[in-house]
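S.K.: Mind having a look at this structure? Questions to follow.
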Amino acid sequence: MRRVSAGSQPGCGRGCSKPQCEDVSLTEYALLALSSLFVIIDPVATVPAFLAMTAGNRPAERERMARLACSVCAGLLIAFALAGHWIFHFLGITLPAFQMAGSIVLLLIALDMLNAKRSRVHETQEETDAGTVKDDIAITPLAVPMLAGPGAISTVILLQAKADSVARYIILIVAILAVCFVSHFILILAARGTRWISPIALRVTTRIMGLLLAAIACQFLLNALRELKIITFPAV
């Protein structure tokens with residue numbers, strides 16, 4: 001019996017052009033892009049470091065830094081989203097290889113998040129300490145590497161490799177802008193309401209996001225193994 005790949009519908013071939021199949025595919029891609037980018041950028045876990053590094057700044061200055069950092073993050077990730085194909089071609093990297101490498105990076109971050117601590121893949125303690133003595137931490141270390149770190153860049157390139165149409169490219173760029181806007185909103189709320197932020201709530205949220213990120217990392221690895229025909233997904 002012919003196996004049906006995960007995510008497909010009975011009677012729909014790989015090149016199916018039925019509207020309902022295309023809609024489901026685009027919807028699933030949009031949900032994957034939004035969820036994976038939000039979890040890996042993880043603005044909630046950035047809040048404690050952001051507040052610590054801007055302890056001597058007024059709320060208005062904190063808001064300006066948050067706005068600039070999220071703008072830089074969005075611009076950098078969009079640049080990688082548009083240039084990912086050429087990066088692969090220039091370096092001779094295959095998609096399965098990058099998916100495996102990306103899954104390892106994401107899993108390392110997820111394991112630290114499950115322990116309710118900020119991963120050194122995002123930024124080191126030395127970078128955070130250096131930020132506390134800087135007058136303006138918007139571009140570094142807040143934008144890079146705290147928001148747009150190796151994990152976020154890897155995720156964007158992996159998503160770009162799956163964007164096989166103009167519609168998916170647009171979805172990916174919109175997802176980046178949406179996640180950066182939400183990140184800006186979260187940092188603004190933190191800047192304005194420092195005294196009402198519960199450390200316990202931050203830890204619980206970080207652990208939940210870590211679990212989701214670990215699942216996304218495992219899925220990237222499974223996708224790579226499937227493309228290499230090492231494993232096959234069961235029929236649905």
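Going by the structure tokens order, chains are called A, B, ..., each with residues numbered from 1, while ligands are numbered from 1 in the order shown.
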Can you tell me which residues surround Asn223 of chain A at a distance of at most 9 Å, considering only C-alpha atoms, apart from same-chain residues fewer than 5 positions away, and format the answer as a PDB file with N, CA and C atoms, in the first residue's frame?
M.R.:
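Saved result, part_17.pdb, follows:
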ATOM      1  N   PRO A  96      19.200  19.070   4.422  1.00  0.00           N
ATOM      2  CA  PRO A  96      19.236  18.134   5.553  1.00  0.00           C
ATOM      3  C   PRO A  96      20.382  18.416   6.529  1.00  0.00           C
ATOM      4  N   GLN A  99      19.406  21.389   8.532  1.00  0.00           N
ATOM      5  CA  GLN A  99      18.332  21.033   9.456  1.00  0.00           C
ATOM      6  C   GLN A  99      18.887  20.297  10.674  1.00  0.00           C
ATOM      7  N   MET A 100      19.834  19.394  10.454  1.00  0.00           N
ATOM      8  CA  MET A 100      20.436  18.672  11.586  1.00  0.00           C
ATOM      9  C   MET A 100      21.200  19.627  12.500  1.00  0.00           C
ATOM     10  N   CYS A 218      13.248  18.640  17.466  1.00  0.00           N
ATOM     11  CA  CYS A 218      13.122  17.228  17.086  1.00  0.00           C
ATOM     12  C   CYS A 218      12.437  17.082  15.733  1.00  0.00           C
ATOM     13  N   LEU A 228      16.503  12.445   3.757  1.00  0.00           N
ATOM     14  CA  LEU A 228      17.593  11.539   3.430  1.00  0.00           C
ATOM     15  C   LEU A 228      17.114  10.099   3.245  1.00  0.00           C
TER      16      LEU A 228
END
S.K.: Please identify all polymer residues within 9 Å of segment 62-78 of chain A, counting only C-alpha atoms, omitting same-chain residues fewer than 4 positions from it, and present them as a ChimeraX atom specification.
M.R.: /A:50-51,54,57-58,82-83,136-140,142-144,147-148,152-153,156-157,172-173,176-177,179-181,183-185,187-189,191-192
S.K.: Restricted to N, CA and C atoms, what would the selected residues look like written as a compact mmCIF listing (two decimals), in the first residue's frame?
M.R.:
# COMPACT_ATOMS: atom_id res chain seq x y z
N PHE A 50 17.18 42.40 29.94
CA PHE A 50 16.90 43.74 29.42
C PHE A 50 16.74 44.74 30.56
N LEU A 51 16.00 44.36 31.58
CA LEU A 51 15.79 45.25 32.73
C LEU A 51 17.08 45.45 33.51
N THR A 54 19.41 47.86 31.69
CA THR A 54 18.91 49.23 31.56
C THR A 54 18.43 49.76 32.91
N ASN A 57 18.46 53.52 33.29
CA ASN A 57 17.80 54.32 32.27
C ASN A 57 16.36 54.64 32.62
N ARG A 58 15.87 55.76 32.10
CA ARG A 58 14.47 56.12 32.30
C ARG A 58 13.58 55.25 31.41
N LEU A 82 15.76 36.36 2.88
CA LEU A 82 15.85 36.62 1.45
C LEU A 82 17.11 36.02 0.84
N ALA A 83 18.18 35.92 1.63
CA ALA A 83 19.47 35.48 1.09
C ALA A 83 19.82 34.04 1.45
N ASP A 136 23.97 52.56 25.71
CA ASP A 136 22.93 52.13 24.78
C ASP A 136 23.19 50.69 24.39
N ILE A 137 22.27 49.79 24.79
CA ILE A 137 22.46 48.36 24.54
C ILE A 137 21.51 47.88 23.44
N ALA A 138 20.92 48.80 22.67
CA ALA A 138 19.88 48.43 21.72
C ALA A 138 20.39 47.47 20.65
N ILE A 139 21.50 47.84 19.99
CA ILE A 139 21.98 47.02 18.87
C ILE A 139 22.73 45.79 19.37
N THR A 140 23.65 46.00 20.29
CA THR A 140 24.36 44.88 20.90
C THR A 140 24.49 45.16 22.40
N LEU A 142 21.42 43.57 22.87
CA LEU A 142 19.99 43.28 22.88
C LEU A 142 19.50 42.75 21.54
N ALA A 143 19.75 43.48 20.45
CA ALA A 143 19.29 43.02 19.13
C ALA A 143 20.07 41.79 18.69
N VAL A 144 21.40 41.89 18.79
CA VAL A 144 22.29 40.79 18.43
C VAL A 144 23.30 40.60 19.57
N LEU A 147 18.22 38.78 20.74
CA LEU A 147 17.00 38.52 19.97
C LEU A 147 17.33 37.76 18.69
N ALA A 148 18.15 38.34 17.85
CA ALA A 148 18.54 37.69 16.58
C ALA A 148 19.84 36.95 16.77
N ALA A 152 17.79 31.94 16.11
CA ALA A 152 16.80 32.63 15.30
C ALA A 152 17.21 32.65 13.83
N ILE A 153 18.49 32.91 13.57
CA ILE A 153 18.98 32.93 12.19
C ILE A 153 18.86 31.55 11.56
N VAL A 156 15.20 30.89 10.69
CA VAL A 156 14.76 31.64 9.51
C VAL A 156 15.25 30.99 8.22
N ILE A 157 16.51 30.55 8.21
CA ILE A 157 17.04 29.92 7.00
C ILE A 157 16.35 28.59 6.73
N LEU A 172 6.57 34.28 5.46
CA LEU A 172 7.75 34.26 6.32
C LEU A 172 8.15 35.67 6.75
N ILE A 173 8.14 36.61 5.81
CA ILE A 173 8.51 37.99 6.15
C ILE A 173 7.48 38.60 7.11
N ILE A 176 8.08 37.21 10.57
CA ILE A 176 9.22 37.87 11.22
C ILE A 176 8.81 39.22 11.78
N LEU A 177 8.09 40.01 10.97
CA LEU A 177 7.65 41.33 11.41
C LEU A 177 6.69 41.21 12.58
N VAL A 179 6.42 38.73 14.85
CA VAL A 179 7.10 38.29 16.07
C VAL A 179 7.94 39.43 16.64
N CYS A 180 8.59 40.21 15.79
CA CYS A 180 9.39 41.34 16.28
C CYS A 180 8.50 42.42 16.87
N PHE A 181 7.31 42.61 16.29
CA PHE A 181 6.36 43.58 16.86
C PHE A 181 5.89 43.13 18.24
N SER A 183 7.51 41.14 20.22
CA SER A 183 8.69 41.25 21.10
C SER A 183 8.84 42.69 21.59
N HIS A 184 8.65 43.64 20.68
CA HIS A 184 8.71 45.06 21.06
C HIS A 184 7.64 45.39 22.09
N PHE A 185 6.44 44.87 21.88
CA PHE A 185 5.33 45.12 22.81
C PHE A 185 5.65 44.56 24.20
N LEU A 187 8.68 43.97 25.52
CA LEU A 187 9.75 44.75 26.13
C LEU A 187 9.23 46.11 26.61
N ILE A 188 8.31 46.71 25.86
CA ILE A 188 7.72 47.99 26.28
C ILE A 188 6.94 47.80 27.57
N LEU A 189 6.15 46.74 27.64
CA LEU A 189 5.40 46.47 28.88
C LEU A 189 6.35 46.27 30.05
N ALA A 191 9.35 47.52 30.36
CA ALA A 191 9.97 48.81 30.69
C ALA A 191 9.04 49.68 31.51
N ARG A 192 7.74 49.58 31.26
CA ARG A 192 6.77 50.43 31.95
C ARG A 192 6.28 49.84 33.26
S.K.: Write out as a PyMOL selection string which residues come within 9 Å of Leu107 of chain A when counting only C-alpha atoms, dropping same-chain ones fewer than 4 positions away.
M.R.: chain A and resi 102-103+111-112+210+213-218
S.K.: Could the residues in this selection be written to a file with N, CA and C atoms, as a compact mmCIF listing (two decimals), in the first residue's frame?
M.R.:
# COMPACT_ATOMS: atom_id res chain seq x y z
N GLY A 102 20.80 22.88 12.74
CA GLY A 102 19.84 23.77 13.38
C GLY A 102 19.09 23.11 14.52
N SER A 103 18.75 21.83 14.34
CA SER A 103 18.03 21.12 15.40
C SER A 103 18.88 20.98 16.65
N LEU A 111 16.96 23.01 26.13
CA LEU A 111 17.33 22.37 27.40
C LEU A 111 17.62 23.40 28.48
N ASP A 112 18.27 24.51 28.10
CA ASP A 112 18.51 25.57 29.08
C ASP A 112 17.20 26.24 29.49
N GLY A 210 10.43 26.35 26.39
CA GLY A 210 11.52 25.41 26.19
C GLY A 210 11.03 24.06 25.71
N LEU A 213 10.03 24.43 22.09
CA LEU A 213 11.21 24.55 21.24
C LEU A 213 11.90 23.20 21.07
N ALA A 214 11.92 22.39 22.11
CA ALA A 214 12.52 21.05 22.00
C ALA A 214 11.75 20.21 20.99
N ALA A 215 10.42 20.33 20.99
CA ALA A 215 9.61 19.60 20.02
C ALA A 215 9.90 20.07 18.60
N ILE A 216 10.05 21.39 18.42
CA ILE A 216 10.36 21.94 17.09
C ILE A 216 11.72 21.44 16.63
N ALA A 217 12.71 21.41 17.53
CA ALA A 217 14.04 20.93 17.19
C ALA A 217 14.00 19.47 16.74
N CYS A 218 13.25 18.64 17.47
CA CYS A 218 13.12 17.23 17.09
C CYS A 218 12.44 17.08 15.73
S.K.: Residues at most 12 Å from Ala167 of chain A, counting only C-alpha atoms, excluding those fewer than 5 positions away in the same chain, as a ChimeraX atom specification?
M.R.: /A:22-23,25-27,29-30,160,162,172-174
S.K.: Print the selection's residues with N, CA and C atoms to a file, as a PDB file, in the first residue's frame.
M.R.:
ATOM      1  N   GLU A  22      -3.877  23.823  -0.953  1.00  0.00           N
ATOM      2  CA  GLU A  22      -2.953  24.944  -0.895  1.00  0.00           C
ATOM      3  C   GLU A  22      -3.209  25.784   0.339  1.00  0.00           C
ATOM      4  N   ASP A  23      -4.519  25.962   0.690  1.00  0.00           N
ATOM      5  CA  ASP A  23      -4.846  26.764   1.858  1.00  0.00           C
ATOM      6  C   ASP A  23      -4.305  26.114   3.123  1.00  0.00           C
ATOM      7  N   SER A  25      -1.838  24.026   3.381  1.00  0.00           N
ATOM      8  CA  SER A  25      -0.387  24.082   3.360  1.00  0.00           C
ATOM      9  C   SER A  25       0.128  25.453   3.792  1.00  0.00           C
ATOM     10  N   LEU A  26      -0.466  26.498   3.271  1.00  0.00           N
ATOM     11  CA  LEU A  26      -0.046  27.848   3.635  1.00  0.00           C
ATOM     12  C   LEU A  26      -0.348  28.137   5.100  1.00  0.00           C
ATOM     13  N   THR A  27      -1.482  27.645   5.567  1.00  0.00           N
ATOM     14  CA  THR A  27      -1.856  27.868   6.970  1.00  0.00           C
ATOM     15  C   THR A  27      -0.880  27.163   7.903  1.00  0.00           C
ATOM     16  N   TYR A  29       2.172  26.324   7.232  1.00  0.00           N
ATOM     17  CA  TYR A  29       3.468  26.997   7.139  1.00  0.00           C
ATOM     18  C   TYR A  29       3.467  28.279   7.967  1.00  0.00           C
ATOM     19  N   ALA A  30       2.371  29.030   7.914  1.00  0.00           N
ATOM     20  CA  ALA A  30       2.271  30.269   8.689  1.00  0.00           C
ATOM     21  C   ALA A  30       2.331  29.987  10.186  1.00  0.00           C
ATOM     22  N   GLN A 160      13.027  29.456   5.322  1.00  0.00           N
ATOM     23  CA  GLN A 160      13.188  29.973   3.964  1.00  0.00           C
ATOM     24  C   GLN A 160      13.391  28.832   2.975  1.00  0.00           C
ATOM     25  N   LYS A 162      12.011  26.073   3.030  1.00  0.00           N
ATOM     26  CA  LYS A 162      10.711  25.457   2.782  1.00  0.00           C
ATOM     27  C   LYS A 162       9.761  26.387   2.027  1.00  0.00           C
ATOM     28  N   LEU A 172       6.570  34.280   5.463  1.00  0.00           N
ATOM     29  CA  LEU A 172       7.755  34.262   6.320  1.00  0.00           C
ATOM     30  C   LEU A 172       8.148  35.672   6.753  1.00  0.00           C
ATOM     31  N   ILE A 173       8.140  36.615   5.814  1.00  0.00           N
ATOM     32  CA  ILE A 173       8.507  37.994   6.150  1.00  0.00           C
ATOM     33  C   ILE A 173       7.484  38.605   7.107  1.00  0.00           C
ATOM     34  N   VAL A 174       6.196  38.350   6.849  1.00  0.00           N
ATOM     35  CA  VAL A 174       5.151  38.855   7.750  1.00  0.00           C
ATOM     36  C   VAL A 174       5.298  38.243   9.138  1.00  0.00           C
TER      37      VAL A 174
END
S.K.: When you look at Asp42 of chain A with a cut-off of 9 Å (counting only C-alpha atoms), what residues show up, excluding the ones that are within fewer than 2 positions of it in the same chain? I need them as number ranges by chain.
M.R.: A: 37-40, 44-46, 147, 183, 206, 209
S.K.: Let's have the selection written as an mmCIF file, in the first residue's frame, with N, CA and C atoms.
M.R.:
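out_0.cif, written as the output of this step:
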data_model
loop_
_atom_site.group_PDB
_atom_site.id
_atom_site.type_symbol
_atom_site.label_atom_id
_atom_site.label_comp_id
_atom_site.auth_asym_id
_atom_site.auth_seq_id
_atom_site.Cartn_x
_atom_site.Cartn_y
_atom_site.Cartn_z
ATOM 1 N N LEU A 37 9.449 30.933 15.383
ATOM 2 C CA LEU A 37 10.188 32.193 15.527
ATOM 3 C C LEU A 37 9.942 32.817 16.901
ATOM 4 N N PHE A 38 8.697 32.779 17.359
ATOM 5 C CA PHE A 38 8.405 33.382 18.667
ATOM 6 C C PHE A 38 9.112 32.626 19.784
ATOM 7 N N VAL A 39 9.095 31.296 19.686
ATOM 8 C CA VAL A 39 9.711 30.489 20.739
ATOM 9 C C VAL A 39 11.225 30.667 20.753
ATOM 10 N N ILE A 40 11.849 30.730 19.567
ATOM 11 C CA ILE A 40 13.308 30.819 19.540
ATOM 12 C C ILE A 40 13.793 32.229 19.854
ATOM 13 N N VAL A 44 10.148 36.914 26.139
ATOM 14 C CA VAL A 44 9.822 36.835 27.570
ATOM 15 C C VAL A 44 11.071 36.550 28.390
ATOM 16 N N ALA A 45 11.909 35.615 27.907
ATOM 17 C CA ALA A 45 13.137 35.280 28.638
ATOM 18 C C ALA A 45 14.171 36.395 28.544
ATOM 19 N N THR A 46 14.002 37.295 27.570
ATOM 20 C CA THR A 46 14.932 38.413 27.420
ATOM 21 C C THR A 46 14.658 39.519 28.431
ATOM 22 N N LEU A 147 18.216 38.781 20.742
ATOM 23 C CA LEU A 147 17.003 38.519 19.970
ATOM 24 C C LEU A 147 17.330 37.760 18.686
ATOM 25 N N SER A 183 7.513 41.137 20.224
ATOM 26 C CA SER A 183 8.687 41.255 21.102
ATOM 27 C C SER A 183 8.842 42.694 21.590
ATOM 28 N N THR A 206 9.049 30.448 30.559
ATOM 29 C CA THR A 206 10.285 30.018 29.910
ATOM 30 C C THR A 206 10.333 28.501 29.773
ATOM 31 N N MET A 209 7.927 27.379 26.980
ATOM 32 C CA MET A 209 8.509 27.669 25.667
ATOM 33 C C MET A 209 9.673 26.725 25.361
#
S.K.: Which residues, written as a PyMOL selection string, have at least one atom at most 8 Å from Ala161 of chain A, with only C-alpha atoms counted and residues fewer than 3 positions away on the same chain left out?
M.R.: chain A and resi 84-85+95+157-158+164
